[in-house]
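A.B. asks: This structure is in structure tokens; I'll ask about it shortly.
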Amino acid sequence: MTLQIDIDHGAAAAPYEQLRAQISAQARSGVLPVGYRLPTVRGLAETLGLAANTVAKAYRALEADGVIETRGRNGTFVAPARDAAARGAATAAQLYADTVRRLGLGEGAALGAVRDALRAAYSD
């Protein structure tokens, strides 16, 4: 298996966001299995014709999302997806809870807003 990335330079989304989204989707779907070693920042930048900083920015975002993990000089690897998803959801939930509390919303109103958002997100 090989990492398959297609950057559309005419797209509205920035190249780093396209790269982030494609790696994330491939990791979540299992196309890139847990433990798959990703190319180096410089190597991938050369292959895709992007600046190294663009690839580094995408890798940093993916690492922050828990999709990939860097193991020092050993390289960058696809992280266990279930753990990444659970950590990401917990972080987002905590941020939401802190925000609605600071805004003065009660628990019922906060839960209602989440239900509405989830219905809208999953109605596609």
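Letters A, B, ... go to the chains of the structure tokens in the order shown; residues in each chain start at 1; ligands are counted from 1 in the same order.
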Could you find all residues in stretch 3-103 of chain A that DSSP calls helix (DSSP H, G or I) from the backbone, and write them as a ChimeraX atom specification?
C.D. replies: /A:15-29,41-48,52-64,72-74,81-103
A.B. asks: Write down as JSON, numbers by chain the residues of stretch 49-114 of chain A whose backbone DSSP state falls under strand (DSSP E).
C.D. replies: {"A": [68, 69, 70, 76, 77, 78]}
A.B. asks: May I have the selected residues written with C-alpha atoms, as a PDB file, in the first residue's frame?
C.D. replies:
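File written: out14.pdb
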```pdb
ATOM      1  CA  ILE A  68      -0.383  10.329  13.334  1.00  0.00           C
ATOM      2  CA  GLU A  69       2.411  10.119  15.853  1.00  0.00           C
ATOM      3  CA  THR A  70       6.037  11.100  15.543  1.00  0.00           C
ATOM      4  CA  THR A  76       6.048   9.478  11.570  1.00  0.00           C
ATOM      5  CA  PHE A  77       3.423   6.744  11.733  1.00  0.00           C
ATOM      6  CA  VAL A  78      -0.346   6.320  11.554  1.00  0.00           C
TER       7      VAL A  78
END
```
A.B. asks: When distances are computed from only C-alpha atoms, which of A:Arg73, A:Asp6, A:Ala113, A:Arg119 shows the smallest separation from A:Ala97?
C.D. replies: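 Of the candidates, the smallest distance to A:Ala97 is held by A:Ala113.
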A.B. asks: Go through A:Thr40, A:Thr47, A:Gln22, A:Thr2 and flag the residue nearest A:Gly72, using only C-alpha atoms for the distances.
C.D. replies: A:Thr40
A.B. asks: Skip A:Gln4 itself and residues of its chain fewer than 5 positions away, then list as a ChimeraX atom specification all residues within 10 Å of it, counting only C-alpha atoms.
C.D. replies: /A:19,22-23,26,31-32
A.B. asks: For those residues, write N, CA, C and O atoms to a file as a compact mmCIF listing (two decimals), in the first residue's frame.
C.D. replies:
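out_11.txt written:
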```
# COMPACT_ATOMS: atom_id res chain seq x y z
N LEU A 19 -3.99 18.03 2.09
CA LEU A 19 -3.09 16.97 2.52
C LEU A 19 -3.55 16.39 3.85
O LEU A 19 -3.66 15.17 4.01
N GLN A 22 -6.80 14.31 3.35
CA GLN A 22 -6.61 13.05 2.64
C GLN A 22 -5.90 12.01 3.49
O GLN A 22 -6.28 10.84 3.50
N ILE A 23 -4.89 12.42 4.23
CA ILE A 23 -4.19 11.47 5.10
C ILE A 23 -5.14 11.02 6.20
O ILE A 23 -5.22 9.83 6.52
N GLN A 26 -7.67 8.52 4.79
CA GLN A 26 -7.05 7.23 4.48
C GLN A 26 -6.72 6.46 5.76
O GLN A 26 -6.84 5.23 5.80
N VAL A 31 -7.17 2.42 4.77
CA VAL A 31 -6.29 2.36 3.60
C VAL A 31 -4.84 2.47 4.06
O VAL A 31 -3.97 1.77 3.56
N LEU A 32 -4.61 3.34 5.04
CA LEU A 32 -3.30 3.43 5.69
C LEU A 32 -3.47 2.77 7.06
O LEU A 32 -4.14 3.31 7.94
```
A.B. asks: Can you tell me which residues surround A:Leu62 at a distance of at most 12 Å, considering only C-alpha atoms, apart from same-chain residues fewer than 2 positions away, and format the answer as a PDB file with N, CA, C and O atoms, in the first residue's frame?
C.D. replies:
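result.pdb written:
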```pdb
ATOM      1  N   TYR A  16      -2.187  22.484   2.387  1.00  0.00           N
ATOM      2  CA  TYR A  16      -1.941  21.752   3.639  1.00  0.00           C
ATOM      3  C   TYR A  16      -3.228  21.125   4.150  1.00  0.00           C
ATOM      4  O   TYR A  16      -3.222  20.020   4.700  1.00  0.00           O
ATOM      5  N   GLU A  17      -4.376  21.797   3.958  1.00  0.00           N
ATOM      6  CA  GLU A  17      -5.661  21.261   4.413  1.00  0.00           C
ATOM      7  C   GLU A  17      -6.068  20.066   3.553  1.00  0.00           C
ATOM      8  O   GLU A  17      -6.604  19.085   4.061  1.00  0.00           O
ATOM      9  N   GLN A  18      -5.806  20.137   2.250  1.00  0.00           N
ATOM     10  CA  GLN A  18      -6.085  18.994   1.382  1.00  0.00           C
ATOM     11  C   GLN A  18      -5.250  17.789   1.808  1.00  0.00           C
ATOM     12  O   GLN A  18      -5.760  16.667   1.886  1.00  0.00           O
ATOM     13  N   LEU A  19      -3.985  18.035   2.088  1.00  0.00           N
ATOM     14  CA  LEU A  19      -3.086  16.969   2.523  1.00  0.00           C
ATOM     15  C   LEU A  19      -3.552  16.387   3.846  1.00  0.00           C
ATOM     16  O   LEU A  19      -3.656  15.168   4.006  1.00  0.00           O
ATOM     17  N   ARG A  20      -3.871  17.257   4.808  1.00  0.00           N
ATOM     18  CA  ARG A  20      -4.350  16.810   6.112  1.00  0.00           C
ATOM     19  C   ARG A  20      -5.601  15.965   5.972  1.00  0.00           C
ATOM     20  O   ARG A  20      -5.712  14.879   6.538  1.00  0.00           O
ATOM     21  N   ALA A  21      -6.566  16.449   5.189  1.00  0.00           N
ATOM     22  CA  ALA A  21      -7.837  15.742   5.033  1.00  0.00           C
ATOM     23  C   ALA A  21      -7.657  14.381   4.361  1.00  0.00           C
ATOM     24  O   ALA A  21      -8.282  13.393   4.772  1.00  0.00           O
ATOM     25  N   GLN A  22      -6.800  14.314   3.353  1.00  0.00           N
ATOM     26  CA  GLN A  22      -6.613  13.051   2.642  1.00  0.00           C
ATOM     27  C   GLN A  22      -5.897  12.008   3.491  1.00  0.00           C
ATOM     28  O   GLN A  22      -6.282  10.837   3.499  1.00  0.00           O
ATOM     29  N   ILE A  23      -4.885  12.424   4.226  1.00  0.00           N
ATOM     30  CA  ILE A  23      -4.194  11.470   5.105  1.00  0.00           C
ATOM     31  C   ILE A  23      -5.136  11.019   6.205  1.00  0.00           C
ATOM     32  O   ILE A  23      -5.218   9.828   6.519  1.00  0.00           O
ATOM     33  N   SER A  24      -5.879  11.944   6.772  1.00  0.00           N
ATOM     34  CA  SER A  24      -6.827  11.605   7.826  1.00  0.00           C
ATOM     35  C   SER A  24      -7.871  10.609   7.329  1.00  0.00           C
ATOM     36  O   SER A  24      -8.158   9.602   7.993  1.00  0.00           O
ATOM     37  N   ALA A  25      -8.437  10.863   6.161  1.00  0.00           N
ATOM     38  CA  ALA A  25      -9.454   9.969   5.603  1.00  0.00           C
ATOM     39  C   ALA A  25      -8.875   8.580   5.322  1.00  0.00           C
ATOM     40  O   ALA A  25      -9.523   7.565   5.601  1.00  0.00           O
ATOM     41  N   ALA A  27      -6.336   7.169   6.806  1.00  0.00           N
ATOM     42  CA  ALA A  27      -6.051   6.506   8.080  1.00  0.00           C
ATOM     43  C   ALA A  27      -7.341   5.994   8.717  1.00  0.00           C
ATOM     44  O   ALA A  27      -7.400   4.863   9.206  1.00  0.00           O
ATOM     45  N   ARG A  28      -8.392   6.818   8.698  1.00  0.00           N
ATOM     46  CA  ARG A  28      -9.675   6.412   9.296  1.00  0.00           C
ATOM     47  C   ARG A  28     -10.295   5.230   8.555  1.00  0.00           C
ATOM     48  O   ARG A  28     -10.896   4.358   9.164  1.00  0.00           O
ATOM     49  N   LEU A  38       4.791   7.096   7.367  1.00  0.00           N
ATOM     50  CA  LEU A  38       4.591   8.152   6.384  1.00  0.00           C
ATOM     51  C   LEU A  38       5.937   8.645   5.867  1.00  0.00           C
ATOM     52  O   LEU A  38       6.952   8.534   6.554  1.00  0.00           O
ATOM     53  N   VAL A  55       3.859  20.780   4.169  1.00  0.00           N
ATOM     54  CA  VAL A  55       3.724  19.398   4.638  1.00  0.00           C
ATOM     55  C   VAL A  55       3.887  19.342   6.153  1.00  0.00           C
ATOM     56  O   VAL A  55       3.129  18.655   6.843  1.00  0.00           O
ATOM     57  N   ALA A  56       4.839  20.094   6.683  1.00  0.00           N
ATOM     58  CA  ALA A  56       5.054  20.107   8.134  1.00  0.00           C
ATOM     59  C   ALA A  56       3.810  20.611   8.857  1.00  0.00           C
ATOM     60  O   ALA A  56       3.434  20.079   9.907  1.00  0.00           O
ATOM     61  N   LYS A  57       3.157  21.628   8.305  1.00  0.00           N
ATOM     62  CA  LYS A  57       1.931  22.164   8.911  1.00  0.00           C
ATOM     63  C   LYS A  57       0.829  21.100   8.928  1.00  0.00           C
ATOM     64  O   LYS A  57       0.125  20.939   9.924  1.00  0.00           O
ATOM     65  N   ALA A  58       0.693  20.366   7.839  1.00  0.00           N
ATOM     66  CA  ALA A  58      -0.307  19.289   7.780  1.00  0.00           C
ATOM     67  C   ALA A  58       0.023  18.195   8.792  1.00  0.00           C
ATOM     68  O   ALA A  58      -0.862  17.711   9.504  1.00  0.00           O
ATOM     69  N   TYR A  59       1.289  17.803   8.880  1.00  0.00           N
ATOM     70  CA  TYR A  59       1.697  16.779   9.837  1.00  0.00           C
ATOM     71  C   TYR A  59       1.429  17.242  11.275  1.00  0.00           C
ATOM     72  O   TYR A  59       0.973  16.458  12.106  1.00  0.00           O
ATOM     73  N   ARG A  60       1.712  18.513  11.577  1.00  0.00           N
ATOM     74  CA  ARG A  60       1.448  19.022  12.927  1.00  0.00           C
ATOM     75  C   ARG A  60      -0.042  18.955  13.253  1.00  0.00           C
ATOM     76  O   ARG A  60      -0.427  18.566  14.365  1.00  0.00           O
ATOM     77  N   ALA A  64      -1.757  16.711  16.135  1.00  0.00           N
ATOM     78  CA  ALA A  64      -2.634  17.320  17.145  1.00  0.00           C
ATOM     79  C   ALA A  64      -3.992  16.609  17.190  1.00  0.00           C
ATOM     80  O   ALA A  64      -4.595  16.485  18.252  1.00  0.00           O
ATOM     81  N   ASP A  65      -4.460  16.129  16.035  1.00  0.00           N
ATOM     82  CA  ASP A  65      -5.731  15.403  15.962  1.00  0.00           C
ATOM     83  C   ASP A  65      -5.595  13.955  16.415  1.00  0.00           C
ATOM     84  O   ASP A  65      -6.596  13.243  16.513  1.00  0.00           O
ATOM     85  N   GLY A  66      -4.361  13.494  16.636  1.00  0.00           N
ATOM     86  CA  GLY A  66      -4.143  12.116  17.055  1.00  0.00           C
ATOM     87  C   GLY A  66      -4.175  11.119  15.920  1.00  0.00           C
ATOM     88  O   GLY A  66      -4.233   9.916  16.151  1.00  0.00           O
ATOM     89  N   VAL A  67      -4.127  11.580  14.678  1.00  0.00           N
ATOM     90  CA  VAL A  67      -4.167  10.685  13.524  1.00  0.00           C
ATOM     91  C   VAL A  67      -2.799  10.056  13.288  1.00  0.00           C
ATOM     92  O   VAL A  67      -2.704   8.893  12.886  1.00  0.00           O
ATOM     93  N   ILE A  68      -1.747  10.837  13.509  1.00  0.00           N
ATOM     94  CA  ILE A  68      -0.383  10.329  13.334  1.00  0.00           C
ATOM     95  C   ILE A  68       0.403  10.579  14.611  1.00  0.00           C
ATOM     96  O   ILE A  68      -0.010  11.375  15.458  1.00  0.00           O
ATOM     97  N   GLU A  69       1.510   9.904  14.717  1.00  0.00           N
ATOM     98  CA  GLU A  69       2.411  10.119  15.853  1.00  0.00           C
ATOM     99  C   GLU A  69       3.840  10.117  15.350  1.00  0.00           C
ATOM    100  O   GLU A  69       4.195   9.352  14.462  1.00  0.00           O
ATOM    101  N   THR A  70       4.632  11.016  15.905  1.00  0.00           N
ATOM    102  CA  THR A  70       6.037  11.100  15.543  1.00  0.00           C
ATOM    103  C   THR A  70       6.847  10.378  16.599  1.00  0.00           C
ATOM    104  O   THR A  70       6.655  10.589  17.790  1.00  0.00           O
ATOM    105  N   THR A  76       7.429   9.115  11.272  1.00  0.00           N
ATOM    106  CA  THR A  76       6.048   9.478  11.570  1.00  0.00           C
ATOM    107  C   THR A  76       5.153   8.340  11.104  1.00  0.00           C
ATOM    108  O   THR A  76       5.297   7.852   9.983  1.00  0.00           O
ATOM    109  N   PHE A  77       4.231   7.932  11.969  1.00  0.00           N
ATOM    110  CA  PHE A  77       3.423   6.744  11.733  1.00  0.00           C
ATOM    111  C   PHE A  77       1.943   7.034  11.959  1.00  0.00           C
ATOM    112  O   PHE A  77       1.589   7.932  12.736  1.00  0.00           O
ATOM    113  N   VAL A  78       1.091   6.232  11.320  1.00  0.00           N
ATOM    114  CA  VAL A  78      -0.346   6.320  11.554  1.00  0.00           C
ATOM    115  C   VAL A  78      -0.614   5.786  12.959  1.00  0.00           C
ATOM    116  O   VAL A  78      -0.170   4.695  13.318  1.00  0.00           O
ATOM    117  N   ALA A  79      -1.329   6.582  13.752  1.00  0.00           N
ATOM    118  CA  ALA A  79      -1.648   6.213  15.134  1.00  0.00           C
ATOM    119  C   ALA A  79      -2.896   5.323  15.161  1.00  0.00           C
ATOM    120  O   ALA A  79      -3.671   5.311  14.198  1.00  0.00           O
ATOM    121  N   ALA A  81      -6.403   4.434  15.275  1.00  0.00           N
ATOM    122  CA  ALA A  81      -7.534   5.311  14.933  1.00  0.00           C
ATOM    123  C   ALA A  81      -8.551   5.443  16.060  1.00  0.00           C
ATOM    124  O   ALA A  81      -9.044   6.522  16.326  1.00  0.00           O
ATOM    125  N   ALA A  84      -7.314   7.798  18.612  1.00  0.00           N
ATOM    126  CA  ALA A  84      -7.261   9.156  18.076  1.00  0.00           C
ATOM    127  C   ALA A  84      -8.648   9.763  18.030  1.00  0.00           C
ATOM    128  O   ALA A  84      -8.851  10.921  18.417  1.00  0.00           O
ATOM    129  N   ALA A  85      -9.626   8.992  17.570  1.00  0.00           N
ATOM    130  CA  ALA A  85     -10.996   9.494  17.485  1.00  0.00           C
ATOM    131  C   ALA A  85     -11.549   9.789  18.873  1.00  0.00           C
ATOM    132  O   ALA A  85     -12.178  10.833  19.097  1.00  0.00           O
ATOM    133  N   GLY A  88      -9.832  12.890  20.282  1.00  0.00           N
ATOM    134  CA  GLY A  88     -10.316  14.082  19.592  1.00  0.00           C
ATOM    135  C   GLY A  88     -11.709  14.464  20.032  1.00  0.00           C
ATOM    136  O   GLY A  88     -12.009  15.647  20.256  1.00  0.00           O
TER     137      GLY A  88
END
```
